[in-house]
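data-v9.cif, holding mmCIF, C-alpha atoms and all ligand atoms:
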```
data_final
#
loop_
_atom_site.label_atom_id
_atom_site.label_comp_id
_atom_site.auth_asym_id
_atom_site.auth_seq_id
_atom_site.Cartn_x
_atom_site.Cartn_y
_atom_site.Cartn_z
CA MET A 1 -18.41 -4.24 -8.87
CA SER A 2 -16.60 -1.09 -7.89
CA VAL A 3 -13.84 0.42 -5.84
CA ASP A 4 -15.49 1.79 -2.71
CA VAL A 5 -14.27 4.50 -0.37
CA VAL A 6 -15.76 4.65 3.12
CA ARG A 7 -14.72 7.34 5.61
CA ASP A 8 -14.23 6.43 9.24
CA GLY A 9 -13.09 9.71 10.81
CA GLY A 10 -9.68 10.49 9.31
CA VAL A 11 -9.32 6.99 7.87
CA ALA A 12 -10.33 6.35 4.25
CA ILE A 13 -11.05 2.66 3.72
CA VAL A 14 -10.60 1.80 0.04
CA THR A 15 -12.09 -1.56 -0.92
CA VAL A 16 -11.59 -3.25 -4.27
CA ASN A 17 -15.04 -4.74 -4.65
CA ARG A 18 -15.14 -7.41 -7.31
CA PRO A 19 -15.36 -10.58 -5.24
CA ASP A 20 -16.69 -12.74 -8.11
CA ALA A 21 -13.27 -12.42 -9.72
CA LEU A 22 -11.40 -12.45 -6.41
CA ASN A 23 -11.02 -8.68 -6.77
CA ALA A 24 -8.80 -9.02 -9.85
CA LEU A 25 -8.30 -5.60 -11.43
CA ASP A 26 -9.58 -4.90 -14.92
CA VAL A 27 -9.20 -1.47 -16.53
CA GLU A 28 -12.40 -0.13 -14.99
CA HIS A 29 -11.35 -1.08 -11.46
CA ALA A 30 -7.73 -0.02 -11.90
CA GLU A 31 -8.83 3.41 -13.19
CA ALA A 32 -11.29 3.77 -10.32
CA LEU A 33 -8.56 2.89 -7.83
CA ARG A 34 -6.15 5.41 -9.38
CA ASP A 35 -8.82 8.16 -9.39
CA HIS A 36 -9.77 7.53 -5.76
CA LEU A 37 -6.12 7.57 -4.68
CA GLU A 38 -5.56 10.87 -6.53
CA ASP A 39 -8.58 12.39 -4.75
CA LEU A 40 -7.47 11.08 -1.37
CA ALA A 41 -3.93 12.38 -1.91
CA ALA A 42 -5.31 15.92 -2.17
CA ASP A 43 -7.90 15.60 0.62
CA PRO A 44 -6.67 16.87 4.00
CA GLU A 45 -9.59 15.16 5.78
CA ALA A 46 -8.17 11.78 4.74
CA ARG A 47 -5.25 11.28 7.09
CA VAL A 48 -4.63 7.57 6.44
CA VAL A 49 -5.58 5.29 3.54
CA LEU A 50 -6.44 1.67 4.28
CA LEU A 51 -6.60 -0.62 1.23
CA THR A 52 -8.38 -3.98 1.29
CA GLY A 53 -10.43 -6.38 -0.84
CA ALA A 54 -14.12 -7.29 -0.59
CA GLY A 55 -15.14 -10.71 0.71
CA ASP A 56 -13.12 -13.16 2.75
CA LYS A 57 -11.07 -14.84 0.01
CA ALA A 58 -8.99 -12.19 -1.66
CA PHE A 59 -7.22 -8.89 -1.24
CA VAL A 60 -6.58 -8.61 -5.00
CA ALA A 61 -5.88 -11.80 -6.99
CA GLY A 62 -3.93 -9.85 -9.57
CA ALA A 63 -4.42 -8.09 -12.84
CA ASP A 64 -7.35 -9.52 -14.79
CA ILE A 65 -5.88 -12.40 -16.77
CA LYS A 66 -8.87 -12.65 -19.10
CA TYR A 67 -8.46 -8.97 -20.02
CA MET A 68 -4.71 -9.40 -20.58
CA GLN A 69 -5.12 -12.46 -22.83
CA SER A 70 -5.45 -10.51 -26.07
CA LEU A 71 -3.35 -7.41 -25.34
CA GLY A 72 -0.81 -6.23 -27.87
CA VAL A 73 2.51 -4.68 -26.89
CA LEU A 74 1.33 -1.06 -26.79
CA GLU A 75 -1.85 -1.92 -24.89
CA ALA A 76 0.22 -3.97 -22.44
CA ARG A 77 2.47 -0.99 -21.89
CA ARG A 78 -0.52 1.27 -21.16
CA TRP A 79 -1.92 -1.39 -18.83
CA GLY A 80 1.42 -1.62 -17.04
CA GLU A 81 1.50 2.19 -16.71
CA LEU A 82 -2.00 2.23 -15.19
CA GLY A 83 -1.06 -0.37 -12.58
CA GLN A 84 2.22 1.39 -11.86
CA ALA A 85 0.31 4.66 -11.40
CA CYS A 86 -1.85 3.02 -8.70
CA ALA A 87 1.19 1.55 -6.97
CA ASN A 88 3.19 4.79 -7.21
CA LEU A 89 0.32 6.72 -5.62
CA LEU A 90 0.17 4.27 -2.71
CA GLU A 91 3.91 4.68 -2.23
CA THR A 92 4.13 8.46 -2.60
CA ILE A 93 0.89 10.14 -1.46
CA PRO A 94 1.78 12.26 1.57
CA LYS A 95 -0.04 10.13 4.14
CA PRO A 96 0.33 6.59 5.43
CA THR A 97 -1.09 3.78 3.30
CA ILE A 98 -1.87 0.45 4.96
CA ALA A 99 -2.70 -2.80 3.15
CA ALA A 100 -5.10 -5.09 5.03
CA ILE A 101 -4.38 -8.33 3.15
CA ASN A 102 -7.46 -10.43 3.77
CA GLY A 103 -6.71 -13.28 1.35
CA TYR A 104 -4.99 -13.81 -1.98
CA ALA A 105 -2.56 -11.02 -2.90
CA LEU A 106 -1.13 -12.31 -6.14
CA GLY A 107 0.60 -10.65 -9.08
CA GLY A 108 -0.61 -7.07 -9.35
CA GLY A 109 -2.39 -7.52 -5.99
CA CYS A 110 0.88 -8.35 -4.26
CA GLU A 111 2.46 -5.38 -6.03
CA LEU A 112 -0.20 -2.99 -4.72
CA ALA A 113 0.41 -4.32 -1.21
CA LEU A 114 4.17 -3.91 -1.68
CA ALA A 115 3.64 -0.26 -2.56
CA CYS A 116 1.75 0.42 0.69
CA ASP A 117 3.72 1.75 3.63
CA ILE A 118 2.58 -0.99 6.02
CA ARG A 119 1.24 -4.49 5.29
CA LEU A 120 -1.00 -6.33 7.76
CA ALA A 121 -2.30 -9.77 6.76
CA SER A 122 -4.75 -12.45 7.72
CA ASN A 123 -3.00 -15.67 8.69
CA GLN A 124 -4.97 -17.24 5.80
CA ALA A 125 -3.52 -14.83 3.22
CA LYS A 126 -1.34 -16.03 0.38
CA LEU A 127 1.00 -13.69 -1.42
CA GLY A 128 3.04 -14.18 -4.54
CA GLN A 129 4.12 -13.17 -8.00
CA PRO A 130 2.81 -15.98 -10.24
CA GLU A 131 3.34 -14.05 -13.50
CA VAL A 132 5.99 -16.44 -14.86
CA ASN A 133 3.34 -19.17 -14.84
CA LEU A 134 1.46 -17.02 -17.37
CA GLY A 135 4.53 -16.33 -19.47
CA ILE A 136 4.97 -12.74 -18.26
CA ILE A 137 6.77 -10.91 -15.45
CA PRO A 138 5.59 -8.60 -12.66
CA GLY A 139 4.68 -5.30 -14.32
CA TRP A 140 3.36 -3.07 -11.55
CA GLY A 141 6.66 -2.41 -9.78
CA GLY A 142 7.18 -5.79 -8.13
CA SER A 143 10.57 -6.44 -9.68
CA GLN A 144 11.88 -3.42 -7.74
CA ARG A 145 9.76 -3.27 -4.59
CA LEU A 146 9.85 -6.97 -3.70
CA PRO A 147 13.67 -7.24 -3.47
CA ARG A 148 13.83 -3.97 -1.55
CA ILE A 149 11.47 -5.38 1.06
CA VAL A 150 12.54 -9.04 1.33
CA GLY A 151 16.06 -9.03 -0.20
CA LEU A 152 17.20 -10.10 -3.64
CA GLY A 153 17.54 -13.83 -2.95
CA PHE A 154 14.03 -14.46 -1.63
CA ALA A 155 12.55 -12.08 -4.21
CA LYS A 156 14.11 -14.04 -7.05
CA GLU A 157 12.87 -17.32 -5.57
CA ILE A 158 9.34 -15.93 -5.43
CA VAL A 159 9.36 -14.34 -8.88
CA PHE A 160 11.11 -17.24 -10.61
CA SER A 161 9.01 -19.99 -8.99
CA GLY A 162 5.73 -18.09 -8.98
CA ARG A 163 4.80 -20.04 -5.86
CA PRO A 164 2.33 -18.69 -3.33
CA VAL A 165 3.81 -17.66 0.01
CA GLU A 166 1.75 -18.48 3.10
CA ALA A 167 1.19 -15.64 5.58
CA GLY A 168 3.52 -17.13 8.19
CA GLU A 169 6.41 -17.40 5.77
CA ALA A 170 5.64 -13.92 4.44
CA HIS A 171 5.88 -12.63 7.99
CA ASP A 172 9.20 -14.40 8.57
CA TRP A 173 10.65 -12.58 5.56
CA GLY A 174 9.25 -9.17 6.46
CA LEU A 175 6.93 -9.25 3.47
CA VAL A 176 4.08 -8.48 5.86
CA ASN A 177 4.52 -6.58 9.11
CA GLN A 178 1.98 -8.49 11.24
CA ILE A 179 -0.41 -11.41 10.87
CA TYR A 180 -3.78 -11.87 12.56
CA ASP A 181 -6.69 -14.29 12.73
CA PRO A 182 -9.02 -13.37 9.85
CA ASP A 183 -11.63 -11.81 12.17
CA GLU A 184 -9.00 -9.71 13.88
CA LEU A 185 -7.38 -8.28 10.76
CA MET A 186 -9.71 -5.33 10.06
CA PRO A 187 -10.08 -4.30 13.71
CA ALA A 188 -6.28 -4.33 14.04
CA ALA A 189 -5.80 -2.45 10.77
CA LEU A 190 -8.39 0.16 11.80
CA LYS A 191 -6.82 0.53 15.23
CA LEU A 192 -3.43 1.25 13.66
CA ALA A 193 -4.97 3.55 11.06
CA HIS A 194 -6.79 5.58 13.73
CA GLU A 195 -3.62 5.80 15.81
CA LEU A 196 -1.78 7.22 12.81
CA ALA A 197 -4.70 9.53 11.96
CA LYS A 198 -4.28 11.23 15.33
CA LYS A 199 -0.66 12.14 14.64
CA SER A 200 0.55 15.29 12.95
CA PRO A 201 -0.16 14.90 9.22
CA LEU A 202 2.77 17.18 8.49
CA ALA A 203 5.15 15.03 10.50
CA LEU A 204 3.82 11.85 8.85
CA ALA A 205 4.10 13.33 5.36
CA TYR A 206 7.70 14.36 5.98
CA ALA A 207 8.51 11.06 7.68
CA LYS A 208 7.18 9.24 4.61
CA GLU A 209 9.10 11.49 2.23
CA ALA A 210 12.32 11.05 4.19
CA THR A 211 12.06 7.27 4.66
CA ASN A 212 11.14 6.77 0.99
CA LEU A 213 14.48 8.37 0.07
CA TYR A 214 16.02 5.12 1.30
CA LEU A 215 14.80 3.72 -2.01
CA THR A 216 17.01 5.94 -4.11
CA GLY A 217 20.54 7.25 -4.41
CA GLU A 218 23.12 8.17 -1.85
CA ALA A 219 22.37 8.06 1.86
CA SER A 220 24.62 11.06 2.57
CA ALA A 221 22.63 13.38 0.28
CA HIS A 222 19.43 12.18 1.90
CA MET A 223 20.75 12.97 5.38
CA GLU A 224 20.75 16.60 4.24
CA THR A 225 17.12 16.31 3.08
CA GLU A 226 16.21 14.70 6.38
CA LEU A 227 17.76 17.69 8.19
CA ARG A 228 15.81 20.10 6.00
CA LEU A 229 12.47 18.35 6.59
CA PHE A 230 13.21 18.00 10.30
CA ALA A 231 14.05 21.70 10.63
CA MET A 232 11.05 22.82 8.58
CA LEU A 233 8.66 21.12 10.99
CA PHE A 234 9.81 23.60 13.63
CA SER A 235 7.88 26.28 11.74
CA SER A 236 4.61 24.33 12.14
CA GLU A 237 1.81 24.66 14.69
CA ASP A 238 1.79 20.85 14.96
CA GLN A 239 5.34 20.84 16.35
CA LYS A 240 4.43 23.48 18.95
CA GLU A 241 1.21 21.64 19.84
CA GLY A 242 2.94 18.25 20.06
CA MET A 243 5.65 19.49 22.39
CA ALA A 244 3.29 21.66 24.46
CA ALA A 245 0.94 18.69 24.92
CA PHE A 246 3.83 16.57 26.14
CA ALA A 247 4.90 19.20 28.64
CA GLU A 248 1.30 19.71 29.81
CA LYS A 249 0.66 15.94 30.05
CA ARG A 250 -2.31 15.97 27.65
CA GLU A 251 -3.17 14.49 24.25
CA PRO A 252 -2.07 16.68 21.32
CA GLU A 253 -4.58 18.01 18.80
CA PHE A 254 -2.88 18.16 15.46
CA ARG A 255 -4.36 20.37 12.75
CA GLY A 256 -1.90 19.77 9.94
CA ARG A 257 -0.60 23.36 10.03
N1 LIG A 301 -7.92 -12.53 -13.36
C1 LIG A 301 -9.18 -12.80 -13.79
N2 LIG A 301 -10.02 -13.58 -13.10
C2 LIG A 301 -9.58 -14.13 -11.96
C3 LIG A 301 -8.28 -13.89 -11.45
C4 LIG A 301 -7.43 -13.04 -12.21
N3 LIG A 301 -6.20 -12.70 -11.81
N4 LIG A 301 -8.14 -14.58 -10.31
C5 LIG A 301 -9.31 -15.21 -10.09
N5 LIG A 301 -10.18 -14.95 -11.08
C6 LIG A 301 -11.54 -15.43 -11.24
C7 LIG A 301 -11.59 -16.86 -11.73
O1 LIG A 301 -11.42 -16.90 -13.13
C8 LIG A 301 -12.95 -17.29 -11.28
O2 LIG A 301 -13.91 -16.75 -12.18
P1 LIG A 301 -15.12 -17.66 -12.76
O3 LIG A 301 -14.46 -18.84 -13.38
O4 LIG A 301 -15.94 -18.00 -11.53
O5 LIG A 301 -15.81 -16.75 -13.71
C9 LIG A 301 -13.13 -16.57 -9.96
O6 LIG A 301 -12.19 -15.48 -9.97
C10 LIG A 301 -12.81 -17.43 -8.75
O7 LIG A 301 -11.53 -17.99 -8.95
P2 LIG A 301 -11.24 -19.57 -8.84
O8 LIG A 301 -12.45 -20.36 -9.15
O9 LIG A 301 -9.99 -19.83 -9.61
O10 LIG A 301 -10.96 -19.68 -7.26
P3 LIG A 301 -10.03 -20.76 -6.53
O11 LIG A 301 -10.30 -20.58 -5.08
O12 LIG A 301 -10.20 -22.13 -7.13
O13 LIG A 301 -8.51 -20.29 -6.84
C11 LIG A 301 -6.74 -18.68 -7.06
C12 LIG A 301 -8.06 -19.07 -6.34
C13 LIG A 301 -6.36 -17.27 -6.60
C14 LIG A 301 -5.63 -19.67 -6.69
C15 LIG A 301 -6.96 -18.73 -8.60
O14 LIG A 301 -8.14 -17.96 -8.91
C16 LIG A 301 -5.82 -18.14 -9.38
O15 LIG A 301 -4.78 -18.79 -9.57
N6 LIG A 301 -6.01 -16.92 -9.91
C17 LIG A 301 -5.00 -16.27 -10.74
C18 LIG A 301 -3.98 -15.65 -9.85
C19 LIG A 301 -2.86 -15.02 -10.65
O16 LIG A 301 -2.19 -15.65 -11.46
N7 LIG A 301 -2.67 -13.70 -10.42
C20 LIG A 301 -1.67 -12.96 -11.13
C21 LIG A 301 -2.25 -12.40 -12.37
S1 LIG A 301 -0.97 -11.77 -13.38
C22 LIG A 301 2.23 -6.13 -16.86
C23 LIG A 301 1.05 -5.65 -16.34
C24 LIG A 301 0.42 -6.30 -15.32
C25 LIG A 301 0.97 -7.46 -14.79
C26 LIG A 301 2.14 -7.93 -15.30
C27 LIG A 301 2.79 -7.27 -16.32
N8 LIG A 301 2.86 -5.47 -17.93
C28 LIG A 301 2.15 -4.64 -18.79
C29 LIG A 301 4.26 -5.66 -18.15
C30 LIG A 301 0.27 -8.16 -13.76
C31 LIG A 301 0.09 -9.46 -13.82
C32 LIG A 301 -0.77 -10.19 -12.90
O17 LIG A 301 -1.27 -9.71 -11.92
#
```

So, in terms of structure tokens, how does the structure I just supplied come out?
Amino acid sequence: MSVDVVRDGGVAIVTVNRPDALNALDVEHAEALRDHLEDLAADPEARVVLLTGAGDKAFVAGADIKYMQSLGVLEARRWGELGQACANLLETIPKPTIAAINGYALGGGCELALACDIRLASNQAKLGQPEVNLGIIPGWGGSQRLPRIVGLGFAKEIVFSGRPVEAGEAHDWGLVNQIYDPDELMPAALKLAHELAKKSPLALAYAKEATNLYLTGEASAHMETELRLFAMLFSSEDQKEGMAAFAEKREPEFRGR
């Protein structure tokens, strides 16, 4: 029982490892996930973060229901804040985050996946927000991230009904980017992660910052920010290396400077 981090070159594979409970997150696991994400955010060697669940049944089957059973209002608020902290890190750390959804991604598990930049899923995966069936609502950001990704109408259907969404339907709605046979999911996720790890970390960080602005406020103000980030990259070695490599017909070597 743990949250494991394994390095594969510039890719940090973060695995929620509690398969006996379908990788449901209790406080210990949620705190471990938050702490690992904070460390990885600050670690320049980690270029891409790949989040998955141990075993072949679940990504994360949600927040731990048995733990939540006896929570009071203030404890529930702290619990919600801890889960939101994990999700916010996945959304905002200055490097790509990829969810490899290898099975159930329910409740808080779906919300963690929603906070990742890119979602890849096994064709056996099931996603959903079943909280209403427990007499609660999504509390780790799902009420906001789900409609932004799939639209308000489908999001309400999913949150109100609490029904699980099969991978194929999730793909049709853009809830997951790609689906794969179970055996092909991790190889595909690693291939994408390594492709991204070769790119300029500065450019990816700014691309993430700029595209995340879509989530907030006025597009016109964000066009200005996009210009600023775009222009700033022209003071970097990565920009010079990327363009020189193109002109010289070779692979670029980005150093994040
Ligand atoms: N929590 C605790 N244990 C869980 C769990 C969960 N979410 N999901 C599965 N498990 C445990 C089961 O209890 C079982 O343990 P044992 O009985 O063996 O000890 C073991 O994992 C295997 O599960 P099953 O035997 O049930 O396996 P099945 O294949 O039959 O069924 C299933 C798989 C995923 C359909 C089923 O386990 C299931 O329905 N699980 C619950 C899924 C769920 O409802 N997830 C959403 C949880 S609610 C908030 C803060 C947080 C949240 C909301 C608000 N605020 C503060 C505002 C978040 C809420 C949630 O995530």

Protein and nucleic residues near ligand LIG 301 (chain A), 7 Å, only C-alpha atoms and all ligand atoms, as number ranges by chain: A: 20-22, 24, 61-66, 76-80, 83, 104, 106-109, 129-131, 136-140

Shortest interatomic distance to His29 of chain A - which of A:Val3, A:Leu213, A:Ala54, A:Ala100, counting only C-alpha atoms: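 Distance minimum relative to His29 of chain A lands on A:Val3.
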
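Nearest residue to Arg18 of chain A, choosing from A:Asp56, A:Leu50, A:Asp43, A:Pro187 and counting all atoms listed in the file: A:Asp56.
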
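Taking only C-alpha atoms into account, Asn102 of chain A lies nearest to A:Glu184 out of the set A:Asp4, A:Glu237, A:Glu184, A:Glu169.
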
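The neighbours of segment 146-161 of chain A here are the residues that come within 7 Å of it, using all atoms listed in the file and leaving out any residue fewer than 4 positions away in the same chain; they are A:Leu114, A:Gly128, A:Gln129, A:Pro130, A:Val132, A:Gly142, A:Trp173, A:Gly174, A:Leu175.
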
Nearest to Gln84 of chain A, chosen from A:Asp238, A:Glu226, A:Glu111, A:Asp117, with all atoms listed in the file counted in the distances: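 The closest residue to Gln84 of chain A is A:Glu111.
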
Taking N, CA and C atoms as the atom set, what does segment 212-236 of chain A look like once completed, written as an mmCIF file, keeping the file's coordinate frame?
```
data_model
loop_
_atom_site.group_PDB
_atom_site.id
_atom_site.type_symbol
_atom_site.label_atom_id
_atom_site.label_comp_id
_atom_site.auth_asym_id
_atom_site.auth_seq_id
_atom_site.Cartn_x
_atom_site.Cartn_y
_atom_site.Cartn_z
ATOM 1 N N ASN A 212 11.167 7.254 2.383
ATOM 2 C CA ASN A 212 11.140 6.770 0.990
ATOM 3 C C ASN A 212 12.443 7.063 0.258
ATOM 4 N N LEU A 213 13.205 8.068 0.735
ATOM 5 C CA LEU A 213 14.480 8.370 0.070
ATOM 6 C C LEU A 213 15.440 7.193 0.162
ATOM 7 N N TYR A 214 15.216 6.339 1.159
ATOM 8 C CA TYR A 214 16.020 5.120 1.300
ATOM 9 C C TYR A 214 16.026 4.336 -0.009
ATOM 10 N N LEU A 215 14.938 4.489 -0.771
ATOM 11 C CA LEU A 215 14.800 3.720 -2.010
ATOM 12 C C LEU A 215 15.739 4.196 -3.101
ATOM 13 N N THR A 216 16.252 5.388 -2.978
ATOM 14 C CA THR A 216 17.010 5.940 -4.110
ATOM 15 C C THR A 216 18.340 6.526 -3.652
ATOM 16 N N GLY A 217 19.325 6.444 -4.502
ATOM 17 C CA GLY A 217 20.540 7.250 -4.410
ATOM 18 C C GLY A 217 21.372 7.090 -3.166
ATOM 19 N N GLU A 218 22.092 8.141 -2.876
ATOM 20 C CA GLU A 218 23.120 8.170 -1.850
ATOM 21 C C GLU A 218 22.560 8.532 -0.485
ATOM 22 N N ALA A 219 22.883 7.756 0.525
ATOM 23 C CA ALA A 219 22.370 8.060 1.860
ATOM 24 C C ALA A 219 22.838 9.427 2.333
ATOM 25 N N SER A 220 24.087 9.811 2.006
ATOM 26 C CA SER A 220 24.620 11.060 2.570
ATOM 27 C C SER A 220 23.805 12.263 2.074
ATOM 28 N N ALA A 221 23.421 12.262 0.794
ATOM 29 C CA ALA A 221 22.630 13.380 0.280
ATOM 30 C C ALA A 221 21.270 13.403 0.976
ATOM 31 N N HIS A 222 20.754 12.235 1.288
ATOM 32 C CA HIS A 222 19.430 12.180 1.900
ATOM 33 C C HIS A 222 19.462 12.596 3.368
ATOM 34 N N MET A 223 20.619 12.466 4.002
ATOM 35 C CA MET A 223 20.750 12.970 5.380
ATOM 36 C C MET A 223 20.484 14.473 5.395
ATOM 37 N N GLU A 224 20.956 15.157 4.352
ATOM 38 C CA GLU A 224 20.750 16.600 4.240
ATOM 39 C C GLU A 224 19.246 16.894 4.094
ATOM 40 N N THR A 225 18.572 16.109 3.249
ATOM 41 C CA THR A 225 17.120 16.310 3.080
ATOM 42 C C THR A 225 16.399 16.046 4.387
ATOM 43 N N GLU A 226 16.829 15.003 5.089
ATOM 44 C CA GLU A 226 16.210 14.700 6.380
ATOM 45 C C GLU A 226 16.341 15.906 7.317
ATOM 46 N N LEU A 227 17.542 16.512 7.345
ATOM 47 C CA LEU A 227 17.760 17.690 8.190
ATOM 48 C C LEU A 227 16.812 18.825 7.810
ATOM 49 N N ARG A 228 16.653 19.009 6.480
ATOM 50 C CA ARG A 228 15.810 20.100 6.000
ATOM 51 C C ARG A 228 14.349 19.882 6.427
ATOM 52 N N LEU A 229 13.855 18.658 6.222
ATOM 53 C CA LEU A 229 12.470 18.350 6.590
ATOM 54 C C LEU A 229 12.268 18.475 8.097
ATOM 55 N N PHE A 230 13.263 17.950 8.836
ATOM 56 C CA PHE A 230 13.210 18.000 10.300
ATOM 57 C C PHE A 230 13.118 19.459 10.754
ATOM 58 N N ALA A 231 14.003 20.296 10.209
ATOM 59 C CA ALA A 231 14.050 21.700 10.630
ATOM 60 C C ALA A 231 12.762 22.428 10.238
ATOM 61 N N MET A 232 12.252 22.116 9.042
ATOM 62 C CA MET A 232 11.050 22.820 8.580
ATOM 63 C C MET A 232 9.854 22.597 9.498
ATOM 64 N N LEU A 233 9.791 21.415 10.102
ATOM 65 C CA LEU A 233 8.660 21.120 10.990
ATOM 66 C C LEU A 233 8.632 22.062 12.191
ATOM 67 N N PHE A 234 9.783 22.682 12.494
ATOM 68 C CA PHE A 234 9.810 23.600 13.630
ATOM 69 C C PHE A 234 9.153 24.942 13.296
ATOM 70 N N SER A 235 8.679 25.085 12.063
ATOM 71 C CA SER A 235 7.880 26.280 11.740
ATOM 72 C C SER A 235 6.389 25.952 11.774
ATOM 73 N N SER A 236 6.020 24.735 12.192
ATOM 74 C CA SER A 236 4.610 24.330 12.140
ATOM 75 C C SER A 236 3.928 24.472 13.502
#
```
